[in-house]
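Note: the block below is work-v8.pdb and it holds PDB, C-alpha atoms and all ligand atoms.
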ATOM      1  CA  MET A   1     -14.109  47.688  48.528
ATOM      2  CA  LYS A   2     -14.153  44.066  49.538
ATOM      3  CA  THR A   3     -11.129  42.001  48.812
ATOM      4  CA  LEU A   4     -11.854  38.704  47.091
ATOM      5  CA  PRO A   5     -10.893  35.686  49.153
ATOM      6  CA  PRO A   6      -7.792  33.848  47.933
ATOM      7  CA  PRO A   7      -9.592  30.956  46.151
ATOM      8  CA  PHE A   8     -11.279  33.354  43.716
ATOM      9  CA  ILE A   9      -7.952  34.916  42.846
ATOM     10  CA  ALA A  10      -5.995  31.742  42.648
ATOM     11  CA  ARG A  11      -8.422  29.619  40.629
ATOM     12  CA  PRO A  12      -8.111  31.405  37.243
ATOM     13  CA  LEU A  13      -4.346  31.115  37.491
ATOM     14  CA  LEU A  14      -4.298  27.638  38.954
ATOM     15  CA  ARG A  15      -6.347  26.025  36.199
ATOM     16  CA  PRO A  16      -3.956  26.758  33.294
ATOM     17  CA  VAL A  17      -1.060  25.721  35.497
ATOM     18  CA  LEU A  18      -2.756  22.425  36.315
ATOM     19  CA  LEU A  19      -3.656  21.856  32.661
ATOM     20  CA  CYS A  20      -0.085  22.584  31.607
ATOM     21  CA  SER A  21       1.181  20.204  34.256
ATOM     22  CA  HIS A  22      -1.333  17.593  33.151
ATOM     23  CA  PHE A  23      -0.329  17.777  29.479
ATOM     24  CA  ALA A  24       3.351  17.972  30.400
ATOM     25  CA  ALA A  25       2.940  14.774  32.386
ATOM     26  CA  LEU A  26       1.063  13.174  29.487
ATOM     27  CA  ALA A  27       3.743  14.290  27.057
ATOM     28  CA  LEU A  28       6.439  12.607  29.121
ATOM     29  CA  ASP A  29       4.530   9.375  29.766
ATOM     30  CA  SER A  30       5.544   6.788  27.165
ATOM     31  CA  SER A  31       2.331   4.838  27.781
ATOM     32  CA  ASN A  32       0.563   7.696  26.017
ATOM     33  CA  ASP A  33       2.481   7.267  22.786
ATOM     34  CA  TRP A  34      -0.405   5.260  21.293
ATOM     35  CA  ALA A  35      -4.110   5.497  20.606
ATOM     36  CA  VAL A  36      -5.995   4.819  23.835
ATOM     37  CA  ALA A  37      -9.713   4.981  22.991
ATOM     38  CA  VAL A  38     -12.129   4.420  20.122
ATOM     39  CA  LEU A  39     -14.207   7.484  19.273
ATOM     40  CA  GLU A  40     -16.165   5.957  16.406
ATOM     41  CA  TYR A  41     -16.239   2.704  14.483
ATOM     42  CA  VAL A  42     -18.386   2.641  11.363
ATOM     43  CA  PRO A  43     -17.439  -0.571   9.584
ATOM     44  CA  ALA A  44     -18.660  -1.412   6.106
ATOM     45  CA  SER A  45     -18.436  -5.126   5.363
ATOM     46  CA  PRO A  46     -15.297  -5.582   7.470
ATOM     47  CA  TYR A  47     -13.221  -8.720   7.199
ATOM     48  CA  PRO A  48     -15.023 -11.328   9.333
ATOM     49  CA  GLY A  49     -13.432 -11.986  12.712
ATOM     50  CA  PHE A  50     -11.449  -8.726  12.804
ATOM     51  CA  THR A  51     -13.930  -6.268  14.291
ATOM     52  CA  ASN A  52     -12.510  -5.921  17.806
ATOM     53  CA  THR A  53     -11.569  -2.224  17.869
ATOM     54  CA  HIS A  54      -9.265  -2.721  20.852
ATOM     55  CA  HIS A  55      -6.809  -4.216  18.402
ATOM     56  CA  ALA A  56      -6.146  -0.666  17.175
ATOM     57  CA  LEU A  57      -5.238   0.585  20.661
ATOM     58  CA  GLY A  58      -1.867   0.426  22.357
ATOM     59  CA  PRO A  59       1.451  -0.495  20.741
ATOM     60  CA  ALA A  60       1.711  -2.080  17.305
ATOM     61  CA  ALA A  61       2.081  -5.847  17.406
ATOM     62  CA  ARG A  62       5.483  -7.547  17.339
ATOM     63  CA  GLN A  63       4.277 -11.131  17.099
ATOM     64  CA  THR A  64       2.037 -12.739  14.512
ATOM     65  CA  ILE A  65       1.178 -16.048  12.861
ATOM     66  CA  GLY A  66       4.242 -17.659  11.307
ATOM     67  CA  PHE A  67       4.397 -19.405   7.945
ATOM     68  CA  VAL A  68       4.748 -22.781   9.585
ATOM     69  CA  PRO A  69       1.228 -23.897  10.556
ATOM     70  CA  GLY A  70       0.568 -23.378  14.257
ATOM     71  CA  SER A  71       3.699 -21.257  14.787
ATOM     72  CA  VAL A  72       4.199 -17.721  16.103
ATOM     73  CA  ASP A  73       6.847 -15.437  14.619
ATOM     74  CA  HIS A  74       7.943 -11.794  14.423
ATOM     75  CA  VAL A  75       5.914  -9.296  12.436
ATOM     76  CA  LEU A  76       8.021  -8.884   9.306
ATOM     77  CA  VAL A  77       7.583  -6.998   6.049
ATOM     78  CA  PHE A  78       6.395 -10.244   4.446
ATOM     79  CA  GLN A  79       4.644 -11.594   7.553
ATOM     80  CA  PRO A  80       1.875  -9.181   8.630
ATOM     81  CA  SER A  81       0.245  -8.551  11.980
ATOM     82  CA  VAL A  82      -3.118 -10.142  12.752
ATOM     83  CA  ASP A  83      -3.640  -7.908  15.804
ATOM     84  CA  VAL A  84      -5.750  -5.573  13.666
ATOM     85  CA  VAL A  85      -9.247  -4.214  13.241
ATOM     86  CA  SER A  86     -10.845  -4.235   9.809
ATOM     87  CA  ILE A  87     -12.542  -1.037   8.645
ATOM     88  CA  GLY A  88     -14.386  -2.443   5.663
ATOM     89  CA  HIS A  89     -14.779  -0.953   2.214
ATOM     90  CA  GLY A  90     -16.103   2.583   2.746
ATOM     91  CA  GLY A  91     -16.035   2.433   6.549
ATOM     92  CA  TRP A  92     -14.048   4.437   9.063
ATOM     93  CA  LEU A  93     -12.474   4.264  12.496
ATOM     94  CA  SER A  94     -11.672   7.250  14.719
ATOM     95  CA  LEU A  95      -9.195   6.955  17.590
ATOM     96  CA  LEU A  96      -8.232   9.203  20.493
ATOM     97  CA  MET A  97      -4.527   9.488  21.169
ATOM     98  CA  GLY A  98      -3.115   9.051  24.682
ATOM     99  CA  ALA A  99      -1.569  12.523  24.559
ATOM    100  CA  PRO A 100      -1.488  15.415  22.085
ATOM    101  CA  VAL A 101       0.642  14.703  19.028
ATOM    102  CA  VAL A 102       2.673  17.879  18.528
ATOM    103  CA  ASN A 103       3.741  19.119  15.103
ATOM    104  CA  GLU A 104       7.540  19.328  15.141
ATOM    105  CA  ASP A 105      10.100  19.762  12.395
ATOM    106  CA  ASP A 106      13.266  17.793  11.793
ATOM    107  CA  PRO A 107      15.429  17.086  13.784
ATOM    108  CA  ILE A 108      13.015  16.905  16.764
ATOM    109  CA  HIS A 109      10.703  14.753  14.636
ATOM    110  CA  PRO A 110      12.781  13.066  11.894
ATOM    111  CA  TYR A 111      11.649  14.177   8.425
ATOM    112  CA  GLY A 112       8.995  16.305  10.155
ATOM    113  CA  VAL A 113       6.840  13.185  10.642
ATOM    114  CA  ASP A 114       4.687  13.473  13.766
ATOM    115  CA  LEU A 115       2.585  10.295  13.901
ATOM    116  CA  ILE A 116       2.701   6.820  12.391
ATOM    117  CA  VAL A 117      -0.196   4.541  11.423
ATOM    118  CA  TYR A 118       0.546   0.813  11.402
ATOM    119  CA  GLY A 119      -1.565  -1.556   9.292
ATOM    120  CA  ASN A 120      -1.030  -5.026   7.904
ATOM    121  CA  ALA A 121       0.246  -4.338   4.391
ATOM    122  CA  PHE A 122       2.979  -6.749   3.336
ATOM    123  CA  PHE A 123       5.319  -7.629   0.495
ATOM    124  CA  THR A 124       4.929 -10.952  -1.262
ATOM    125  CA  ILE A 125       7.306 -13.078  -3.296
ATOM    126  CA  ARG A 126       6.747 -15.487  -6.158
ATOM    127  CA  SER A 127       4.352 -18.249  -5.141
ATOM    128  CA  GLY A 128       6.104 -21.533  -4.409
ATOM    129  CA  THR A 129       9.486 -20.015  -3.529
ATOM    130  CA  TYR A 130      10.098 -20.186   0.185
ATOM    131  CA  THR A 131      13.390 -18.324   0.391
ATOM    132  CA  PHE A 132      11.724 -15.299   1.928
ATOM    133  CA  TYR A 133      14.923 -13.531   2.897
ATOM    134  CA  ALA A 134      16.418 -13.525  -0.590
ATOM    135  CA  SER A 135      13.546 -13.463  -3.087
ATOM    136  CA  PRO A 136      12.670 -10.090  -4.622
ATOM    137  CA  TRP A 137       9.279  -8.645  -3.849
ATOM    138  CA  THR A 138       6.720  -9.351  -6.542
ATOM    139  CA  TYR A 139       3.717  -7.559  -5.069
ATOM    140  CA  LEU A 140       2.668  -5.178  -2.315
ATOM    141  CA  HIS A 141      -0.523  -6.371  -0.670
ATOM    142  CA  HIS A 142      -2.098  -3.137   0.508
ATOM    143  CA  GLU A 143      -5.560  -1.762   1.166
ATOM    144  CA  PRO A 144      -5.128   2.001   1.402
ATOM    145  CA  ALA A 145      -7.178   4.181   3.728
ATOM    146  CA  GLU A 146      -7.135   7.941   4.067
ATOM    147  CA  ILE A 147      -5.653   9.385   7.267
ATOM    148  CA  TRP A 148      -7.507  12.299   8.853
ATOM    149  CA  VAL A 149      -6.440  14.152  12.010
ATOM    150  CA  SER A 150      -8.199  16.496  14.409
ATOM    151  CA  ALA A 151      -7.242  18.821  17.257
ATOM    152  CA  ASP A 152     -10.743  18.778  18.748
ATOM    153  CA  THR A 153     -12.508  15.654  17.316
ATOM    154  CA  THR A 154     -14.840  17.994  15.380
ATOM    155  CA  ALA A 155     -12.819  19.538  12.543
ATOM    156  CA  TRP A 156     -10.897  16.939  10.549
ATOM    157  CA  PHE A 157      -8.038  17.387   8.080
ATOM    158  CA  ARG A 158      -6.597  14.840   5.643
ATOM    159  CA  ALA A 159      -2.919  13.929   5.475
ATOM    160  CA  VAL A 160      -1.376  14.486   2.033
ATOM    161  CA  GLY A 161       0.793  11.977   0.194
ATOM    162  CA  VAL A 162       0.404   9.062   2.592
ATOM    163  CA  MET A 163      -2.207   6.349   3.193
ATOM    164  CA  ALA A 164      -2.798   3.902   6.032
ATOM    165  CA  ASP A 165      -2.412   0.131   5.438
ATOM    166  CA  ASP A 166      -0.100   0.921   2.544
ATOM    167  CA  LEU A 167       3.629   1.588   2.414
ATOM    168  CA  LEU A 168       5.501   0.710   4.451
ATOM    169  CA  PRO A 169       4.857  -2.808   5.792
ATOM    170  CA  THR A 170       5.592  -3.239   9.505
ATOM    171  CA  GLN A 171       8.972  -4.651  10.522
ATOM    172  CA  SER A 172       9.244  -5.528  14.231
ATOM    173  CA  VAL A 173      12.984  -6.241  14.390
ATOM    174  CA  ASP A 174      16.013  -4.527  12.911
ATOM    175  CA  ILE A 175      18.594  -6.244  10.744
ATOM    176  CA  ASN A 176      20.319  -7.585  13.888
ATOM    177  CA  GLY A 177      17.126  -8.999  15.356
ATOM    178  CA  ALA A 178      16.717  -6.281  18.008
ATOM    179  CA  PRO A 179      13.284  -4.661  18.401
ATOM    180  CA  SER A 180      12.775  -1.946  15.822
ATOM    181  CA  ASP A 181      11.797   1.526  17.003
ATOM    182  CA  TYR A 182       8.057   1.895  16.465
ATOM    183  CA  LEU A 183       8.169   5.555  17.554
ATOM    184  CA  ARG A 184      10.634   6.597  14.838
ATOM    185  CA  PRO A 185       9.546   7.156  11.212
ATOM    186  CA  VAL A 186      11.147   5.737   8.116
ATOM    187  CA  ASN A 187      12.437   8.119   5.477
ATOM    188  CA  PRO A 188       9.328   9.271   3.533
ATOM    189  CA  ALA A 189      11.387   9.014   0.334
ATOM    190  CA  LEU A 190      10.788   5.265   0.593
ATOM    191  CA  TYR A 191       7.081   5.786  -0.135
ATOM    192  CA  THR A 192       7.944   6.548  -3.752
ATOM    193  CA  ASN A 193      10.588   3.843  -4.041
ATOM    194  CA  ASP A 194      10.165   1.245  -6.810
ATOM    195  CA  TRP A 195       9.863  -1.758  -4.504
ATOM    196  CA  LEU A 196       8.935  -4.160  -7.304
ATOM    197  CA  ASP A 197      11.853  -3.478  -9.665
ATOM    198  CA  GLY A 198      13.458  -6.825  -8.814
ATOM    199  CA  THR A 199      16.269  -5.443  -6.646
ATOM    200  CA  TRP A 200      14.408  -5.266  -3.336
ATOM    201  CA  SER A 201      14.109  -8.158  -0.911
ATOM    202  CA  TYR A 202      14.172  -8.627   2.856
ATOM    203  CA  THR A 203      17.726  -7.557   3.729
ATOM    204  CA  ASN A 204      18.020  -4.309   1.802
ATOM    205  CA  THR A 205      14.441  -3.390   2.685
ATOM    206  CA  VAL A 206      15.086  -3.731   6.416
ATOM    207  CA  LEU A 207      18.394  -1.886   6.083
ATOM    208  CA  ALA A 208      16.546   0.935   4.326
ATOM    209  CA  TYR A 209      14.217   1.207   7.344
ATOM    210  CA  GLU A 210      17.305   2.135   9.459
ATOM    211  CA  GLY A 211      15.889   0.578  12.619
ATOM    212  CA  ALA A 212      12.427   2.122  12.303
ATOM    213  CA  GLY A 213       9.319  -0.060  12.097
ATOM    214  CA  GLY A 214       7.697   1.121   8.855
ATOM    215  CA  GLY A 215       4.089   2.293   8.775
ATOM    216  CA  ALA A 216       2.533   5.414   7.293
ATOM    217  CA  GLY A 217       4.082   8.647   8.588
ATOM    218  CA  VAL A 218       2.027  11.837   8.863
ATOM    219  CA  ASP A 219       3.470  15.347   9.003
ATOM    220  CA  LEU A 220       0.938  17.732  10.569
ATOM    221  CA  SER A 221       2.364  20.413   8.272
ATOM    222  CA  ARG A 222       1.072  18.513   5.233
ATOM    223  CA  LEU A 223      -2.714  18.491   5.564
ATOM    224  CA  VAL A 224      -5.707  19.625   3.522
ATOM    225  CA  THR A 225      -9.189  20.684   4.535
ATOM    226  CA  PRO A 226     -12.232  18.730   3.310
ATOM    227  CA  GLU A 227     -12.298  21.336   0.510
ATOM    228  CA  HIS A 228      -8.707  20.372  -0.418
ATOM    229  CA  THR A 229      -7.150  23.630   0.823
ATOM    230  CA  PRO A 230      -3.645  23.121   2.246
ATOM    231  CA  THR A 231      -3.442  23.629   5.992
ATOM    232  CA  THR A 232      -1.461  22.660   9.076
ATOM    233  CA  LEU A 233      -2.105  21.831  12.723
ATOM    234  CA  THR A 234       0.146  22.642  15.659
ATOM    235  CA  TYR A 235      -1.063  19.426  17.294
ATOM    236  CA  CYS A 236      -3.743  16.773  17.010
ATOM    237  CA  ILE A 237      -5.474  14.563  19.544
ATOM    238  CA  ALA A 238      -7.408  12.207  17.274
ATOM    239  CA  VAL A 239      -6.857  10.182  14.103
ATOM    240  CA  ARG A 240      -9.453   8.830  11.670
ATOM    241  CA  LEU A 241      -8.804   6.110   9.098
ATOM    242  CA  ARG A 242     -11.265   6.154   6.207
ATOM    243  CA  ASP A 243     -11.297   3.241   3.774
ATOM    244  CA  VAL A 244     -11.435   4.343   0.151
ATOM    245  CA  SER A 245      -9.644   1.447  -1.478
ATOM    246  CA  GLY A 246     -12.162   1.054  -4.290
ATOM    247  CA  SER A 247     -11.104  -2.563  -4.622
ATOM    248  CA  GLY A 248     -13.778  -4.040  -2.388
ATOM    249  CA  ARG A 249     -11.077  -4.981   0.109
ATOM    250  CA  SER A 250     -10.872  -3.654   3.627
ATOM    251  CA  ALA A 251      -8.129  -1.580   5.191
ATOM    252  CA  GLU A 252      -6.877  -2.836   8.544
ATOM    253  CA  VAL A 253      -5.377  -0.874  11.437
ATOM    254  CA  ASP A 254      -2.900  -2.279  13.921
ATOM    255  CA  ALA A 255      -1.961   0.861  15.890
ATOM    256  CA  VAL A 256      -1.302   4.604  15.773
ATOM    257  CA  ALA A 257       1.831   6.040  17.381
ATOM    258  CA  ARG A 258       3.104   9.524  18.055
ATOM    259  CA  VAL A 259       6.703  10.022  16.999
ATOM    260  CA  ALA A 260       9.180  10.315  19.870
ATOM    261  CA  ASP A 261      11.098  13.572  20.170
ATOM    262  CA  VAL A 262      14.780  13.401  19.318
ATOM    263  CA  PRO A 263      16.672  15.335  22.012
ATOM    264  CA  GLU A 264      18.820  18.124  20.642
ATOM    265  CA  PRO A 265      22.578  17.531  21.052
ATOM    266  CA  CYS A 266      22.953  20.376  23.570
ATOM    267  CA  VAL A 267      20.150  18.879  25.670
ATOM    268  CA  CYS A 268      21.855  15.479  25.541
ATOM    269  CA  SER A 269      25.131  17.073  26.574
ATOM    270  CA  ALA A 270      23.478  18.939  29.444
ATOM    271  CA  LEU A 271      21.750  15.778  30.637
ATOM    272  CA  ALA A 272      24.984  13.807  30.407
ATOM    273  CA  ALA A 273      26.904  16.518  32.271
ATOM    274  CA  GLY A 274      24.234  16.615  34.977
ATOM    275  CA  TRP A 275      24.315  12.869  35.351
ATOM    276  CA  LEU A 276      28.116  12.835  35.595
ATOM    277  CA  LEU A 277      28.041  15.595  38.208
ATOM    278  CA  CYS A 278      25.500  13.675  40.302
ATOM    279  CA  ALA A 279      27.534  10.497  39.919
ATOM    280  CA  ARG A 280      30.734  12.215  41.022
ATOM    281  CA  ARG A 281      29.026  13.743  44.069
ATOM    282  CA  THR A 282      27.564  10.390  44.996
ATOM    283  CA  LEU A 283      30.768   8.443  44.520
ATOM    284  CA  ARG A 284      33.351  10.995  45.645
ATOM    285  CA  PRO A 285      33.625  10.073  49.345
ATOM    286  CA  SER A 286      34.683   6.511  48.725
ATOM    287  CA  LEU A 287      35.598   5.906  45.079
ATOM    288  CA  LEU A 288      36.787   9.162  43.472
ATOM    289  CA  PRO A 289      40.033  11.022  44.262
TER     290      PRO A 289
HETATM  291 CA    CA A 301       5.811  17.862  11.580
HETATM  292 CA    CA A 302      -2.909  -3.890  17.045
END
Whole structure given in structure tokens:
Amino acid sequence: MKTLPPPFIARPLLRPVLLCSHFAALALDSSNDWAVAVLEYVPASPYPGFTNTHHALGPAARQTIGFVPGSVDHVLVFQPSVDVVSIGHGGWLSLLMGAPVVNEDDPIHPYGVDLIVYGNAFFTIRSGTYTFYASPWTYLHHEPAEIWVSADTTAWFRAVGVMADDLLPTQSVDINGAPSDYLRPVNPALYTNDWLDGTWSYTNTVLAYEGAGGGAGVDLSRLVTPEHTPTTLTYCIAVRLRDVSGSGRSAEVDAVARVADVPEPCVCSALAAGWLLCARRTLRPSLLP
């Protein structure tokens, strides 16, 4: 019996190994935390001037048009991003993520949230009062769109209990002015908060975000089929935003992020111990006793 040459034996084993290595590399590359390609753009009367789909790719914006004419300022909960693409009433936009978005539970993904959709919803205050940081919110300007996800770009499943371009408005800096963490979700309990009860304004809103950047958080364990049957995905590679506002207004999309894994304490400890060991070995000859 003839023995197969090595390439015919190695190839079936090599391919999964290479694929695993490829996805492992993707998973570790932070540049793949965002949507990277447009699969489909079917606008329906989109807002004029906002039809460049590249505005939905890459990181969510941190700068926008300020209130002072001609100025540029941070994206704030009352000062929305203009780096967006408009879907239009009844339209949709499908995006390919830079790497698979894996379904994890808390604490690896806080609150079990696996991906975040950023739009340009924003809070408003009473017209004519320009004390933005102290005035209570009087209105949430939002244009909700359904969020659908797919593991293969063929079968799509809708996220339950959350809409894109809705709660929560994007906040690019934390309460101290440092960049907020766009890869960390806010507490989903804030989606059902009564933001217009007169007690909420800039400071306590940003404090409630706890350093996260807002947006609409999706847990891949909370999905339904097109027939409304509950289901889950272990991962997804694509996200579709479907405008169903019913108001004649158009949902806008700024970006879609995968949530960053939170290292488990034991992993942190092991990494820290490893780093200290390396440091001691490196420094011992001259600096350590
Ligand atoms: Ca999850
Ligand atoms: Ca954008």
Within 7 Å of ligand CA 302 (chain A), which residues show up when you count all atoms listed in the file? List them as number ranges by chain, please.
A: 55-61, 83-84, 253-255
Skipping near chain neighbours, those fewer than 3 positions away, what residues fall within 12 Å of Val256 of chain A using only C-alpha atoms, listed as number ranges by chain?
A: 32-38, 54-61, 84, 93-99, 101, 114-119, 147, 149, 164-165, 182-183, 214-218, 237-241, 252-253, 259
Atom CA of Pro69 of chain A to atom CA of Thr124 of chain A measures 17.9 Å
Tell me which of A:Gly211, A:His89, A:Leu140, A:Glu146 sits closest to Ala178 of chain A, counting only C-alpha atoms.
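Closest to Ala178 of chain A of all the choices is A:Gly211.
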Quick one: which residues end up in the PyMOL selection byres (((not hetatm)) within 12 of (chain A and resi 301)) for this structure, as a short mmCIF file (atom, residue, chain, number, x, y, z; two decimals) with C-alpha atoms, keeping the file's coordinate frame?
data_model
loop_
_atom_site.label_atom_id
_atom_site.label_comp_id
_atom_site.auth_asym_id
_atom_site.auth_seq_id
_atom_site.Cartn_x
_atom_site.Cartn_y
_atom_site.Cartn_z
CA VAL A 101 0.64 14.70 19.03
CA VAL A 102 2.67 17.88 18.53
CA ASN A 103 3.74 19.12 15.10
CA GLU A 104 7.54 19.33 15.14
CA ASP A 105 10.10 19.76 12.40
CA ASP A 106 13.27 17.79 11.79
CA PRO A 107 15.43 17.09 13.78
CA ILE A 108 13.02 16.90 16.76
CA HIS A 109 10.70 14.75 14.64
CA PRO A 110 12.78 13.07 11.89
CA TYR A 111 11.65 14.18 8.43
CA GLY A 112 8.99 16.30 10.15
CA VAL A 113 6.84 13.18 10.64
CA ASP A 114 4.69 13.47 13.77
CA LEU A 115 2.58 10.30 13.90
CA ILE A 116 2.70 6.82 12.39
CA ALA A 159 -2.92 13.93 5.48
CA PRO A 185 9.55 7.16 11.21
CA GLY A 217 4.08 8.65 8.59
CA VAL A 218 2.03 11.84 8.86
CA ASP A 219 3.47 15.35 9.00
CA LEU A 220 0.94 17.73 10.57
CA SER A 221 2.36 20.41 8.27
CA ARG A 222 1.07 18.51 5.23
CA LEU A 223 -2.71 18.49 5.56
CA THR A 232 -1.46 22.66 9.08
CA LEU A 233 -2.10 21.83 12.72
CA THR A 234 0.15 22.64 15.66
CA TYR A 235 -1.06 19.43 17.29
CA CYS A 236 -3.74 16.77 17.01
CA ARG A 258 3.10 9.52 18.06
CA VAL A 259 6.70 10.02 17.00
CA ALA A 260 9.18 10.32 19.87
CA ASP A 261 11.10 13.57 20.17
#
Given all atoms listed in the file as the basis, pick out the residue of A:Arg242, A:His141, A:Arg184, A:Arg126 nearest to Met163 of chain A.
A:Arg242
Check what the PyMOL selection byres (((chain A and resi 175) around 9) and not hetatm) selects in the file above and give those residues as a list in words.
Val173, Asp174, Asn176, Gly177, Ala178, Ser180, Thr203, Val206, Leu207, Glu210 and Gly211 of chain A
Using all atoms listed in the file, what does the table of segment 137-181 of chain A residues within 8 Å of segment 191-199 of chain A look like, with each row giving the shortest atom pair and its distance in Å to one decimal, sorted by chain and ascending number, as JSON lines?
{"residue": "A:Trp137", "atom": "CA", "partner": "A:Leu196", "partner_atom": "CA", "distance": 5.7}
{"residue": "A:Thr138", "atom": "CA", "partner": "A:Leu196", "partner_atom": "CA", "distance": 5.7}
{"residue": "A:Tyr139", "atom": "CA", "partner": "A:Leu196", "partner_atom": "CA", "distance": 6.6}
{"residue": "A:Val162", "atom": "CA", "partner": "A:Tyr191", "partner_atom": "CA", "distance": 7.9}
{"residue": "A:Leu167", "atom": "CA", "partner": "A:Tyr191", "partner_atom": "CA", "distance": 6.0}
{"residue": "A:Leu168", "atom": "CA", "partner": "A:Tyr191", "partner_atom": "CA", "distance": 7.0}
Using 6 Å of padding on each side, determine the axis-aligned box around all atoms of segment 222-225 of chain A present in the file and give its centre and edge lengths in Å to one decimal, as lines of an AutoDock Vina configuration file.
center_x = -4.1
center_y = 19.6
center_z = 4.5
size_x = 22.3
size_y = 14.2
size_z = 14.0
